[in-house]
$ cat model_23.txt   # compact mmCIF, C-alpha atoms and all ligand atoms
# COMPACT_ATOMS: atom_id res chain seq x y z
CA MET A 1 59.10 -8.80 1.82
CA LYS A 2 58.77 -12.36 3.04
CA TYR A 3 55.13 -12.33 4.07
CA MET A 4 53.75 -10.26 1.17
CA LYS A 5 51.31 -12.25 -0.93
CA LYS A 6 52.45 -13.29 -4.43
CA SER A 7 50.09 -11.01 -6.33
CA PHE A 8 51.63 -7.97 -4.58
CA GLU A 9 55.19 -8.95 -5.49
CA GLY A 10 57.12 -5.97 -6.75
CA MET A 11 55.14 -3.43 -4.71
CA VAL A 12 57.35 -0.93 -2.95
CA PRO A 13 56.51 1.43 -0.09
CA TYR A 14 55.60 4.96 -1.13
CA HIS A 15 57.78 7.44 0.73
CA SER A 16 57.91 11.15 0.25
CA LYS A 17 60.64 12.66 2.36
CA LEU A 18 59.41 15.40 4.67
CA ILE A 19 61.12 18.60 3.58
CA GLU A 20 61.29 21.23 6.29
CA ASP A 21 63.78 23.67 4.89
CA GLY A 22 63.63 25.36 1.49
CA ILE A 23 60.99 26.21 -1.07
CA ILE A 24 58.57 23.32 -1.37
CA LEU A 25 56.85 23.18 -4.75
CA ASN A 26 56.50 19.43 -5.18
CA ALA A 27 53.21 18.35 -3.58
CA ASN A 28 50.54 20.73 -4.87
CA GLU A 29 50.09 22.20 -1.42
CA SER A 30 48.96 25.73 -0.70
CA PRO A 31 51.86 28.11 -0.08
CA ILE A 32 49.92 29.75 2.74
CA LEU A 33 48.01 28.79 5.87
CA PRO A 34 44.19 28.95 5.96
CA PRO A 35 42.72 32.45 6.54
CA ASP A 36 43.32 34.00 10.00
CA LYS A 37 39.66 33.77 11.06
CA VAL A 38 39.68 30.05 10.27
CA LEU A 39 42.87 29.53 12.28
CA LYS A 40 41.46 31.47 15.22
CA GLU A 41 38.23 29.51 15.23
CA ILE A 42 40.20 26.25 15.07
CA LYS A 43 42.29 27.26 18.09
CA ASP A 44 39.19 28.22 20.08
CA LYS A 45 37.27 25.03 19.30
CA ILE A 46 40.12 22.54 19.61
CA THR A 47 40.55 23.21 23.33
CA ASN A 48 37.08 21.83 24.07
CA VAL A 49 37.44 18.50 22.27
CA GLU A 50 36.43 15.43 24.26
CA PHE A 51 39.66 13.60 23.58
CA ASN A 52 38.44 10.59 25.61
CA ARG A 53 35.61 9.90 23.13
CA TYR A 54 35.62 8.32 19.67
CA PRO A 55 34.80 10.61 16.74
CA ASP A 56 31.31 10.84 15.26
CA MET A 57 31.59 8.00 12.75
CA ASP A 58 28.83 9.48 10.59
CA GLU A 59 30.52 12.92 10.47
CA VAL A 60 27.06 14.43 10.91
CA LYS A 61 28.07 18.06 11.45
CA LEU A 62 30.75 18.04 8.79
CA ASN A 63 28.56 16.37 6.18
CA LYS A 64 25.86 18.92 6.95
CA ALA A 65 28.31 21.80 6.45
CA ILE A 66 29.56 20.34 3.16
CA ALA A 67 25.98 19.73 1.99
CA LYS A 68 25.09 23.34 2.83
CA LYS A 69 27.94 24.69 0.71
CA PHE A 70 26.77 22.70 -2.32
CA ASN A 71 23.06 23.07 -1.61
CA ILE A 72 22.62 19.30 -1.47
CA LYS A 73 21.54 16.83 1.23
CA PRO A 74 23.94 15.41 3.86
CA GLU A 75 22.91 11.90 2.74
CA ASN A 76 24.76 12.66 -0.51
CA VAL A 77 28.09 13.22 1.25
CA SER A 78 30.65 10.97 2.93
CA CYS A 79 34.03 11.93 4.35
CA GLY A 80 37.26 9.98 4.44
CA VAL A 81 40.89 10.17 5.45
CA GLY A 82 41.78 12.27 2.44
CA SER A 83 40.09 11.61 -0.88
CA ASP A 84 42.70 8.85 -1.11
CA GLU A 85 40.70 6.72 1.32
CA LEU A 86 37.46 7.29 -0.59
CA LEU A 87 39.04 6.44 -3.93
CA ASP A 88 40.61 3.31 -2.47
CA ILE A 89 37.25 2.27 -1.00
CA THR A 90 35.53 2.81 -4.34
CA PHE A 91 38.02 0.64 -6.20
CA ARG A 92 37.72 -2.08 -3.54
CA ALA A 93 33.93 -1.90 -3.44
CA THR A 94 33.35 -2.09 -7.18
CA LEU A 95 36.10 -4.14 -8.82
CA GLU A 96 36.65 -7.87 -9.03
CA VAL A 97 39.92 -9.46 -10.09
CA GLY A 98 40.27 -9.06 -13.86
CA ASP A 99 37.90 -6.09 -14.16
CA LYS A 100 39.00 -3.09 -16.19
CA VAL A 101 39.51 0.54 -15.21
CA VAL A 102 39.93 3.21 -17.89
CA GLY A 103 41.67 6.50 -17.17
CA PHE A 104 43.63 9.27 -18.87
CA THR A 105 47.40 8.80 -18.49
CA PRO A 106 49.45 10.42 -17.06
CA SER A 107 47.13 11.14 -14.18
CA PHE A 108 47.19 10.80 -10.38
CA SER A 109 49.44 7.78 -9.81
CA MET A 110 47.29 6.22 -7.09
CA TYR A 111 44.49 5.28 -9.53
CA LYS A 112 46.66 2.58 -11.09
CA VAL A 113 47.89 1.45 -7.68
CA PHE A 114 44.33 1.14 -6.32
CA ALA A 115 43.28 -0.78 -9.44
CA GLU A 116 46.19 -3.18 -9.22
CA LEU A 117 45.68 -3.72 -5.48
CA VAL A 118 42.35 -5.34 -6.27
CA GLY A 119 43.65 -7.26 -9.28
CA ALA A 120 42.00 -5.02 -11.86
CA THR A 121 43.67 -3.89 -15.08
CA TYR A 122 44.26 -0.18 -15.64
CA ILE A 123 43.79 0.78 -19.28
CA PRO A 124 45.41 4.09 -20.14
CA VAL A 125 44.00 6.68 -22.53
CA LEU A 126 47.01 8.59 -23.76
CA GLY A 127 47.24 12.22 -24.81
CA ASP A 128 48.17 13.45 -28.28
CA GLU A 129 51.64 14.60 -29.28
CA ASN A 130 51.12 17.66 -27.09
CA ASN A 131 50.01 15.54 -24.12
CA LEU A 132 46.45 16.83 -24.54
CA PHE A 133 43.66 14.37 -23.82
CA ASN A 134 40.74 13.93 -26.14
CA VAL A 135 37.28 13.01 -24.87
CA ASP A 136 36.51 11.05 -28.06
CA ASP A 137 39.54 8.82 -27.40
CA MET A 138 38.21 8.18 -23.90
CA ILE A 139 34.73 7.27 -25.19
CA LYS A 140 36.24 4.99 -27.86
CA THR A 141 38.42 3.21 -25.25
CA ILE A 142 35.39 2.75 -22.99
CA LYS A 143 33.38 1.23 -25.89
CA GLU A 144 36.24 -1.12 -26.79
CA ASN A 145 37.00 -2.33 -23.26
CA ASN A 146 33.72 -2.27 -21.37
CA PRO A 147 35.31 -1.20 -18.05
CA MET A 148 33.60 -1.36 -14.65
CA LEU A 149 35.14 1.94 -13.61
CA VAL A 150 36.23 5.07 -15.48
CA ILE A 151 38.31 7.69 -13.75
CA ILE A 152 38.42 11.35 -14.76
CA CYS A 153 40.60 13.86 -12.96
CA SER A 154 39.68 17.48 -13.73
CA PRO A 155 41.88 19.48 -13.70
CA ASN A 156 44.16 16.56 -14.32
CA ASN A 157 47.13 15.93 -12.07
CA PRO A 158 49.89 16.30 -13.30
CA THR A 159 49.14 17.89 -16.71
CA GLY A 160 46.66 20.52 -15.47
CA GLN A 161 44.14 19.91 -18.26
CA TYR A 162 40.59 20.91 -17.33
CA PHE A 163 37.61 19.10 -18.78
CA THR A 164 34.51 21.23 -19.25
CA GLU A 165 31.20 20.19 -17.75
CA ALA A 166 29.95 19.35 -21.26
CA GLU A 167 32.97 17.13 -21.93
CA VAL A 168 32.53 15.30 -18.63
CA ARG A 169 28.81 14.82 -19.30
CA ARG A 170 29.61 13.32 -22.71
CA ILE A 171 31.82 10.70 -21.06
CA ILE A 172 29.28 9.98 -18.31
CA GLU A 173 26.44 9.58 -20.78
CA SER A 174 28.45 7.26 -23.03
CA THR A 175 28.56 4.40 -20.52
CA ASP A 176 26.93 2.58 -17.62
CA ALA A 177 30.32 2.14 -15.94
CA LEU A 178 30.82 3.94 -12.67
CA ILE A 179 32.54 7.29 -13.25
CA ALA A 180 34.95 8.36 -10.50
CA LEU A 181 35.21 12.12 -11.06
CA ASP A 182 38.15 13.44 -9.08
CA LEU A 183 37.80 17.22 -8.64
CA ALA A 184 40.66 17.68 -6.17
CA TYR A 185 41.78 20.90 -7.94
CA ILE A 186 38.45 22.22 -9.25
CA ASP A 187 38.50 25.34 -7.02
CA PHE A 188 41.38 26.65 -9.16
CA ALA A 189 39.49 26.05 -12.43
CA SER A 190 36.93 28.00 -14.49
CA LYS A 191 33.87 26.25 -13.08
CA ASP A 192 33.01 23.87 -10.25
CA TYR A 193 30.53 21.23 -11.45
CA SER A 194 30.65 18.93 -8.39
CA THR A 195 26.87 18.62 -8.12
CA ILE A 196 26.43 16.93 -11.50
CA ALA A 197 27.12 13.78 -9.46
CA LEU A 198 23.53 13.97 -8.26
CA GLU A 199 22.07 13.97 -11.76
CA TYR A 200 23.38 10.51 -12.62
CA ASP A 201 23.33 7.06 -11.01
CA ASN A 202 26.86 6.30 -12.16
CA VAL A 203 28.92 9.24 -10.86
CA ILE A 204 30.87 9.77 -7.66
CA VAL A 205 32.68 13.10 -7.23
CA TYR A 206 35.76 13.26 -4.98
CA ARG A 207 36.87 16.47 -3.31
CA THR A 208 39.54 17.27 -0.77
CA PHE A 209 40.48 19.77 1.93
CA SER A 210 44.15 19.24 1.01
CA LYS A 211 44.49 21.71 -1.88
CA ALA A 212 42.54 24.98 -2.14
CA MET A 213 41.42 24.68 1.51
CA ALA A 214 45.08 24.54 2.56
CA LEU A 215 44.57 21.68 5.02
CA PRO A 216 46.46 18.55 3.87
CA SER A 217 47.62 18.12 7.47
CA ILE A 218 44.15 17.07 8.67
CA ARG A 219 43.62 14.45 5.93
CA VAL A 220 40.00 14.98 5.01
CA GLY A 221 38.36 14.35 1.67
CA TYR A 222 34.72 13.85 0.71
CA ALA A 223 32.60 12.11 -1.84
CA ILE A 224 29.41 13.49 -3.38
CA SER A 225 26.98 11.09 -5.01
CA LYS A 226 23.51 9.56 -5.04
CA LYS A 227 22.63 8.00 -1.68
CA GLU A 228 23.07 4.46 -2.95
CA ASN A 229 26.71 5.11 -3.86
CA ILE A 230 27.34 6.94 -0.59
CA ASP A 231 25.90 3.92 1.25
CA MET A 232 28.31 1.70 -0.68
CA ILE A 233 31.26 3.82 0.50
CA ASP A 234 30.01 3.92 4.08
CA ALA A 235 29.56 0.14 4.10
CA ILE A 236 33.27 -0.38 3.44
CA LYS A 237 34.80 2.56 5.31
CA ALA A 238 36.68 1.75 8.50
CA PRO A 239 34.69 2.99 11.52
CA TYR A 240 35.85 6.29 13.05
CA SER A 241 38.45 6.86 10.35
CA VAL A 242 38.09 10.67 10.29
CA THR A 243 39.31 12.01 13.63
CA THR A 244 37.28 14.42 15.77
CA ILE A 245 39.88 17.15 15.36
CA SER A 246 39.88 16.74 11.59
CA GLN A 247 36.10 16.89 11.44
CA ILE A 248 36.02 20.09 13.51
CA ILE A 249 38.71 21.79 11.45
CA ALA A 250 37.18 20.79 8.13
CA GLU A 251 33.77 22.03 9.25
CA ILE A 252 35.19 25.43 10.21
CA ALA A 253 37.01 25.66 6.88
CA ILE A 254 34.03 24.83 4.69
CA ASN A 255 31.76 27.17 6.66
CA ASN A 256 34.25 29.93 5.84
CA PHE A 257 34.80 29.02 2.21
CA ASP A 258 34.26 32.62 1.10
CA LEU A 259 37.35 33.68 3.06
CA TYR A 260 39.44 31.38 0.86
CA LYS A 261 38.44 33.13 -2.34
CA GLY A 262 41.24 35.71 -2.03
CA GLN A 263 43.87 32.99 -1.54
CA ILE A 264 42.57 31.02 -4.50
CA LYS A 265 42.59 34.13 -6.69
CA MET A 266 46.18 34.87 -5.68
CA ILE A 267 47.27 31.33 -6.60
CA VAL A 268 45.46 31.48 -9.96
CA ASN A 269 47.09 34.87 -10.74
CA GLU A 270 50.49 33.49 -9.79
CA ARG A 271 49.88 30.41 -11.95
CA GLU A 272 49.23 32.59 -15.00
CA LYS A 273 52.31 34.72 -14.27
CA LEU A 274 54.43 31.61 -13.86
CA TYR A 275 53.04 30.07 -17.05
CA ASN A 276 53.80 33.23 -19.05
CA ALA A 277 57.29 33.60 -17.59
CA LEU A 278 58.19 29.94 -18.21
CA SER A 279 56.81 30.09 -21.78
CA LYS A 280 58.80 33.27 -22.46
CA MET A 281 61.92 31.52 -21.24
CA GLY A 282 61.32 28.86 -23.88
CA PHE A 283 60.23 25.95 -21.70
CA ASN A 284 57.64 23.49 -22.93
CA VAL A 285 54.82 24.30 -20.48
CA PHE A 286 51.22 23.10 -20.38
CA LYS A 287 48.18 25.28 -19.87
CA SER A 288 46.86 24.46 -16.42
CA GLU A 289 43.66 25.16 -14.49
CA ALA A 290 45.08 23.74 -11.26
CA ASN A 291 47.64 25.02 -8.72
CA PHE A 292 50.56 23.47 -10.60
CA ILE A 293 52.19 23.53 -14.01
CA TYR A 294 53.52 20.58 -16.01
CA VAL A 295 56.85 21.36 -17.66
CA LEU A 296 59.16 19.45 -19.96
CA MET A 297 62.70 20.69 -19.38
CA ASP A 298 66.30 19.59 -19.22
CA ASP A 299 67.30 17.96 -15.92
CA LYS A 300 70.06 20.55 -15.46
CA TYR A 301 67.40 23.05 -14.40
CA ASN A 302 66.21 20.78 -11.61
CA GLU A 303 69.78 20.33 -10.44
CA ALA A 304 70.18 24.11 -10.25
CA LEU A 305 66.94 24.38 -8.26
CA LEU A 306 67.99 21.63 -5.86
CA LYS A 307 71.24 23.48 -5.14
CA GLU A 308 69.08 26.40 -4.00
CA LYS A 309 66.79 24.10 -1.97
CA ILE A 310 63.87 24.61 -4.34
CA TYR A 311 61.96 21.36 -4.68
CA ILE A 312 59.72 20.53 -7.64
CA ARG A 313 58.25 17.17 -8.63
CA ASN A 314 60.30 15.04 -11.03
CA PHE A 315 58.38 12.21 -12.72
CA LYS A 316 61.15 11.02 -15.02
CA SER A 317 64.08 12.56 -16.83
CA GLY A 318 62.88 15.81 -18.42
CA VAL A 319 59.36 15.70 -16.98
CA TYR A 320 58.44 17.99 -14.08
CA ARG A 321 55.49 19.45 -12.21
CA ILE A 322 55.87 22.77 -10.43
CA THR A 323 53.39 23.70 -7.71
CA VAL A 324 52.45 27.37 -7.75
CA GLY A 325 54.02 28.94 -4.69
CA SER A 326 53.80 32.36 -3.06
CA PRO A 327 54.88 35.38 -5.18
CA TYR A 328 58.29 35.29 -3.47
CA GLU A 329 58.75 31.54 -4.03
CA ASN A 330 57.80 31.79 -7.70
CA GLU A 331 60.18 34.73 -8.18
CA ARG A 332 63.02 32.72 -6.63
CA LEU A 333 62.25 29.76 -8.88
CA LEU A 334 62.23 31.92 -12.01
CA GLU A 335 65.45 33.65 -10.94
CA VAL A 336 67.30 30.34 -10.59
CA LEU A 337 65.96 29.04 -13.92
CA LYS A 338 66.89 32.28 -15.70
CA ASN A 339 70.45 32.07 -14.44
CA GLU A 340 70.73 28.58 -15.86
CA ILE A 341 69.65 29.47 -19.44
C1 LIG B 401 44.10 14.24 -8.24
C2 LIG B 401 44.25 13.90 -6.82
N1 LIG B 401 43.29 13.21 -6.22
C3 LIG B 401 43.37 12.87 -4.92
C4 LIG B 401 44.48 13.23 -4.17
C5 LIG B 401 44.52 12.80 -2.74
O1 LIG B 401 44.32 13.88 -1.93
P1 LIG B 401 43.99 13.73 -0.40
O2 LIG B 401 44.08 12.28 -0.04
O3 LIG B 401 44.99 14.56 0.31
O4 LIG B 401 42.59 14.25 -0.25
C6 LIG B 401 45.51 13.94 -4.75
C7 LIG B 401 46.69 14.32 -3.97
O5 LIG B 401 47.62 14.92 -4.39
C8 LIG B 401 45.40 14.29 -6.12
O6 LIG B 401 46.37 14.96 -6.75
$ encode --input "model_23.txt" --output "structure tokens"
Amino acid sequence: MKYMKKSFEGMVPYHSKLIEDGIILNANESPILPPDKVLKEIKDKITNVEFNRYPDMDEVKLNKAIAKKFNIKPENVSCGVGSDELLDITFRATLEVGDKVVGFTPSFSMYKVFAELVGATYIPVLGDENNLFNVDDMIKTIKENNPMLVIICSPNNPTGQYFTEAEVRRIIESTDALIALDLAYIDFASKDYSTIALEYDNVIVYRTFSKAMALPSIRVGYAISKKENIDMIDAIKAPYSVTTISQIIAEIAINNFDLYKGQIKMIVNEREKLYNALSKMGFNVFKSEANFIYVLMDDKYNEALLKEKIYIRNFKSGVYRITVGSPYENERLLEVLKNEI
């Protein structure tokens, strides 16, 4: 890449091939569309969009709807093109070249990318021999390295580990560093503690419409934090980044959050069934509070799945993440794996 600056040498484009045929269990998406009432309302409202006008760059209605759901103020919310955009903005807004970022590893791969894009160093906190993370290790690493930014993903992608509110508070209270608390999968977990962001100066929570809300197609995420941190995000965010259509759809979805509860329950039930079935079959599986399961297994199983057009996420040889699908999809997956044992 002739024109790429030296410090970005070695960066490669991220491509994920669009799969249109088969059973897709590789991207932590919902196996089903949003609830019917949500879809109907979207169809009704979308026809009246003023396509000739720019979006509302302050996402007033959407921020208000999000604030209502969490019983907070709209000034404590900002939306972005997926939580990806908001995480990227945070890293760019807070880190100078040479600064340190501490995060559990393995975790969402973009954290390291965002850190390196601004010339910061990503310091991993590794799990124990069972890939379980320990909060004390995190606090010790923070003390030793004095990072500007600490990232916590709960439940963690890809291992599924959930950190309790008390554990997260212990990390927050151990440092003055900014804590980026990524709760992309929290709707599948025991408890949603998004609003703790408003109790501290140093916490930004990131949420997304891409997972439990079944809307990755519209690319909307949001941050929750004290006004000063929200202002920091808004100061850097590209104007009009969240499209009018996306704002309308996200607003309808969050206003109807209760209708999603059945879908979420179904996915959580399926996750537990899948976990039990995979454990029984002798695979090394990790307890998860998200909509996916981390599995260590021989690559031959993935080859068998691929033959049947069942796609799961492969990180490296022997390391996989399976998104929880519909009951039928999970049955098919288990059937293929069983035949391979
Ligand atoms: C932990 C985590 N955070 C953030 C994201 C980004 O989500 P989006 O940009 O779709 O909101 C993902 C996507 O998979 C994720 O797994």
$ closest_residue --input "model_23.txt" --among "A:Arg92, A:Lys61, A:Lys5, A:Lys265" --to "Val113 (chain A)" --atoms "only C-alpha atoms"
A:Arg92
$ atom_distance --input "model_23.txt" --atom1 "CA of Leu87 (chain A)" --atom2 "CA of Met148 (chain A)"
14.3 Å
$ residues_near_ligand --input "model_23.txt" --ligand "ligand LIG 401 (chain B)" --cutoff "6 Å" --atoms "all atoms listed in the file" --output "PyMOL selection string"
chain A and resi 82-84+108+153+157+182+184+208+210+216+219-221
$ residues_around --input "model_23.txt" --residues "Lys17 (chain A)" --least-positions-apart "6" --cutoff "12 Å" --atoms "all atoms listed in the file" --output "ChimeraX atom specification"
/A:24,26-27,311
$ residues_around --input "model_23.txt" --residues "region 300-306 of chain A" --least-positions-apart "3" --cutoff "10 Å" --atoms "only C-alpha atoms" --output "count of residues only"
22
$ closest_residue --input "model_23.txt" --among "A:Cys79, A:Ala120, A:Leu25, A:Ala290" --to "Val205 (chain A)" --atoms "all atoms listed in the file"
A:Cys79
$ residues_near_point --input "model_23.txt" --point "(36.6, -7.4, -10.6)" --cutoff "10 Å" --atoms "all atoms listed in the file" --output "number ranges by chain"
A: 91-101, 115, 118-121, 147-149
$ atom_distance --input "model_23.txt" --atom1 "CA of Pro55 (chain A)" --atom2 "CA of Val242 (chain A)"
7.2 Å
$ atom_distance --input "model_23.txt" --atom1 "CA of Phe8 (chain A)" --atom2 "CA of Ser109 (chain A)"
16.7 Å
$ residues_around --input "model_23.txt" --residues "Asp187 (chain A)" --least-positions-apart "4" --cutoff "12 Å" --atoms "all atoms listed in the file" --output "list in words"
Ser154, Pro155, Tyr162, Leu183, Lys191, Asp192, Tyr193, Ser194, Arg207, Thr208, Phe209, Ser210, Lys211, Ala212, Met213, Ala214, Phe257, Asp258, Tyr260, Lys261, Gly262, Gln263, Ile264, Lys265, Ile267, Val268, Glu289, Ala290 and Asn291 of chain A
$ write_last_selection --input "model_23.txt" --atoms "C-alpha atoms" --output "short mmCIF file (atom, residue, chain, number, x, y, z; two decimals), in the frame of the given file"
data_model
loop_
_atom_site.label_atom_id
_atom_site.label_comp_id
_atom_site.auth_asym_id
_atom_site.auth_seq_id
_atom_site.Cartn_x
_atom_site.Cartn_y
_atom_site.Cartn_z
CA SER A 154 39.68 17.48 -13.73
CA PRO A 155 41.88 19.48 -13.70
CA TYR A 162 40.59 20.91 -17.33
CA LEU A 183 37.80 17.22 -8.64
CA LYS A 191 33.87 26.25 -13.08
CA ASP A 192 33.01 23.87 -10.25
CA TYR A 193 30.53 21.23 -11.45
CA SER A 194 30.65 18.93 -8.39
CA ARG A 207 36.87 16.47 -3.31
CA THR A 208 39.54 17.27 -0.77
CA PHE A 209 40.48 19.77 1.93
CA SER A 210 44.15 19.24 1.01
CA LYS A 211 44.49 21.71 -1.88
CA ALA A 212 42.54 24.98 -2.14
CA MET A 213 41.42 24.68 1.51
CA ALA A 214 45.08 24.54 2.56
CA PHE A 257 34.80 29.02 2.21
CA ASP A 258 34.26 32.62 1.10
CA TYR A 260 39.44 31.38 0.86
CA LYS A 261 38.44 33.13 -2.34
CA GLY A 262 41.24 35.71 -2.03
CA GLN A 263 43.87 32.99 -1.54
CA ILE A 264 42.57 31.02 -4.50
CA LYS A 265 42.59 34.13 -6.69
CA ILE A 267 47.27 31.33 -6.60
CA VAL A 268 45.46 31.48 -9.96
CA GLU A 289 43.66 25.16 -14.49
CA ALA A 290 45.08 23.74 -11.26
CA ASN A 291 47.64 25.02 -8.72
#
$ closest_residue --input "model_23.txt" --among "A:Met281, A:Val135, A:Leu274, A:Ala197" --to "Tyr294 (chain A)" --atoms "only C-alpha atoms"
A:Leu274
$ residues_near_point --input "model_23.txt" --point "(24.4, 21.8, -4.9)" --cutoff "10 Å" --atoms "only C-alpha atoms" --output "list in words"
Ile66, Ala67, Lys68, Lys69, Phe70, Asn71, Ile72, Lys73, Tyr193, Ser194, Thr195, Ile196, Ala197, Leu198 and Ile224 of chain A
